[in-house]
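Participant: Below is the structure I would like to discuss, written out as structure tokens.
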Amino acid sequence: MAVTLGLNHTFVSEFILIGFSTFPHLQLMFFLLFLLMYLFTLLGNLLIMATIWSEHSLHTPMYLFLCALSISEIFYTFAIIPRMLADLLSALHSIALLACASQMFFSFTFGFTHSFLLTVMGYDRYVAICHPLRYNVLMSPRGCACLVAWSWVGGSFMGTVVTTAIFNLTFCGPNEIHHFACHVPPLLKLACGKNVLAVAKGVGMVCITALLGCFLLILLSYAFIVATILKIPSAEGRHKAFSTCASHLTVVVVHYGFASVIYLKPKGPKSLGGDTLMGITYTVLTPFLSPIIFSLRNKELKNAMKKAFLSKLYPEKM
């Protein structure tokens, strides 16, 4: 819907999401696939949270951060995927301006909270391996709670900055968003005014700086971790130390690998289908893989899941 303002400009009051319009015959298949992946993502993260809650041996800083990460992942997917699933089954793909702004705010808030928590988890592994004698002091319950709280505050700040900057622009039409969600680049193409380029550069700089800052801090943590592990004399000791980092490091590679595809891809000819599929990797695939990686690559968590849940189903085998 658009309201005429005169001077050949219209004020857009709602948008049309056309991300999947290039796949008309695959939308039902996409719906079933993404629904199963979404349900698995929710179940996997809830299972991780329930295991950590029920097993006292997992009441440590590392698993507190993992629990917070699962919460942020649930909220992030909830901000985008249910709406995307509804659009796959509907002939009407319109979204109100306020709903679009809300979706952008929550997706950026929980997306960046996720990045900040991954950074905190890297710091936790650095302290545990490089300064084990000071671990209980540096990673006290109060300190861990502050790190989690600041991660959520930082995510909320990023969501507020990006959403405010984008929706202070004027959208003059057309109102078709070439994406399945209210994403920044396709929305900027619909904006008009002299400050659009400045806002685009500013938002891009803020997002890339935050992501690269987190990534560099994680790299720095692992540089010290690797240096410390190489000093351990026994191969068994080195393997044990590295195994505590394997799941986190794998998730970091997946998270920032797909994020770099979205934010650092070179400019060039773009297709609606290509942009949609790249968006799916970060919106659906990454959250889907995260609980699998933590469940399979973390031996302590995997054993705790077996103890907590399989023992209730098959008590005679445990």
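Ordering of the structure tokens sets the chain letters (A, B, ...), residue numbers begin anew at 1 in every chain, and ligands are numbered from 1 in the order given.
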Which residues are close to A:Lys189, i.e. within 12 Å by only C-alpha atoms, leaving aside same-chain residues fewer than 4 positions away? Reply as a ChimeraX atom specification.
Facilitator: /A:166,169-179,183-185,193,196-197,199-200
Participant: Could you give me, as a PyMOL selection string, the residues within 12 Å of A:Tyr135, counting only C-alpha atoms and dropping anything in the same chain fewer than 5 positions from it?
Facilitator: chain A and resi 60-62+123-130+140-141+143-144
Participant: Return the single residue from A:Ser21, A:Thr109, A:Ser94, A:Thr119 that is closest to A:Val148, with distances computed using only C-alpha atoms.
Facilitator: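 Ranking A:Ser21, A:Thr109, A:Ser94, A:Thr119 by distance to A:Val148, first place goes to A:Thr119.
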Participant: Can you pull out every residue within 7 Å of A:His114, counting only C-alpha atoms, but drop anything in the same chain fewer than 5 positions away, and send it as a PyMOL selection string?
Facilitator: chain A and resi 69+72-73
Participant: Could you pull out the helix (DSSP H, G or I) residues of stretch 137-224 of chain A, going by DSSP on the backbone, and write them as a PyMOL selection string?
Facilitator: chain A and resi 137-138+141-167+184-188+196-224
Participant: Can you list, as a list in words, all residues belonging to stretch 9-68 of chain A that DSSP tags as strand (DSSP E or B)?
Facilitator: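 Selecting the strand (DSSP E or B) positions of stretch 9-68 of chain A gives His9, Thr10, Phe11, Val12, Glu14, Phe15, Ile16 and Leu17 of chain A.
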Participant: Could you save the residues just selected, with N, CA, C and O atoms, as a short mmCIF file (atom, residue, chain, number, x, y, z; two decimals), in the first residue's frame?
Facilitator:
```
data_model
loop_
_atom_site.label_atom_id
_atom_site.label_comp_id
_atom_site.auth_asym_id
_atom_site.auth_seq_id
_atom_site.Cartn_x
_atom_site.Cartn_y
_atom_site.Cartn_z
N HIS A 9 6.04 11.48 -5.64
CA HIS A 9 6.52 10.63 -4.57
C HIS A 9 5.34 10.00 -3.86
O HIS A 9 4.26 10.57 -3.76
N THR A 10 5.52 8.81 -3.37
CA THR A 10 4.50 8.15 -2.56
C THR A 10 5.13 7.66 -1.26
O THR A 10 6.31 7.30 -1.23
N PHE A 11 4.33 7.66 -0.21
CA PHE A 11 4.80 7.16 1.08
C PHE A 11 4.36 5.71 1.22
O PHE A 11 3.17 5.40 1.13
N VAL A 12 5.30 4.80 1.41
CA VAL A 12 5.02 3.38 1.50
C VAL A 12 4.61 3.04 2.93
O VAL A 12 5.34 3.33 3.88
N GLU A 14 3.31 -0.24 3.58
CA GLU A 14 3.53 -1.67 3.71
C GLU A 14 4.41 -2.15 2.57
O GLU A 14 4.55 -1.48 1.55
N PHE A 15 5.04 -3.29 2.76
CA PHE A 15 5.94 -3.84 1.76
C PHE A 15 5.42 -5.20 1.29
O PHE A 15 4.62 -5.85 1.97
N ILE A 16 5.94 -5.64 0.14
CA ILE A 16 5.63 -6.96 -0.40
C ILE A 16 6.94 -7.75 -0.44
O ILE A 16 7.91 -7.32 -1.07
N LEU A 17 6.98 -8.88 0.25
CA LEU A 17 8.17 -9.73 0.27
C LEU A 17 8.10 -10.71 -0.90
O LEU A 17 7.21 -11.56 -0.96
#
```
Participant: If we count only C-alpha atoms, what is near stretch 245-258 of chain A at a cut-off of 7 Å, once residues fewer than 4 positions away on the same chain are taken out, given as an mmCIF file with C-alpha atoms, in the first residue's frame?
Facilitator:
```
data_model
loop_
_atom_site.group_PDB
_atom_site.id
_atom_site.type_symbol
_atom_site.label_atom_id
_atom_site.label_comp_id
_atom_site.auth_asym_id
_atom_site.auth_seq_id
_atom_site.Cartn_x
_atom_site.Cartn_y
_atom_site.Cartn_z
ATOM 1 C CA ARG A 125 38.090 -21.029 26.723
ATOM 2 C CA ILE A 262 26.085 -12.015 3.393
ATOM 3 C CA THR A 281 22.088 -20.231 4.628
ATOM 4 C CA TYR A 282 22.409 -17.693 7.436
ATOM 5 C CA THR A 286 23.321 -21.871 10.529
ATOM 6 C CA SER A 290 24.577 -25.078 15.711
ATOM 7 C CA ILE A 293 27.595 -29.335 16.356
ATOM 8 C CA PHE A 294 27.436 -28.649 20.090
ATOM 9 C CA ARG A 297 31.319 -32.373 19.154
ATOM 10 C CA ASN A 298 31.000 -31.821 22.899
#
```
Participant: So, with only C-alpha atoms as the atoms that count, which of A:Leu43, A:Leu32, A:Leu58, A:Met37 lies closest to A:Leu301?
Facilitator: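 The closest residue to A:Leu301 is A:Leu58.
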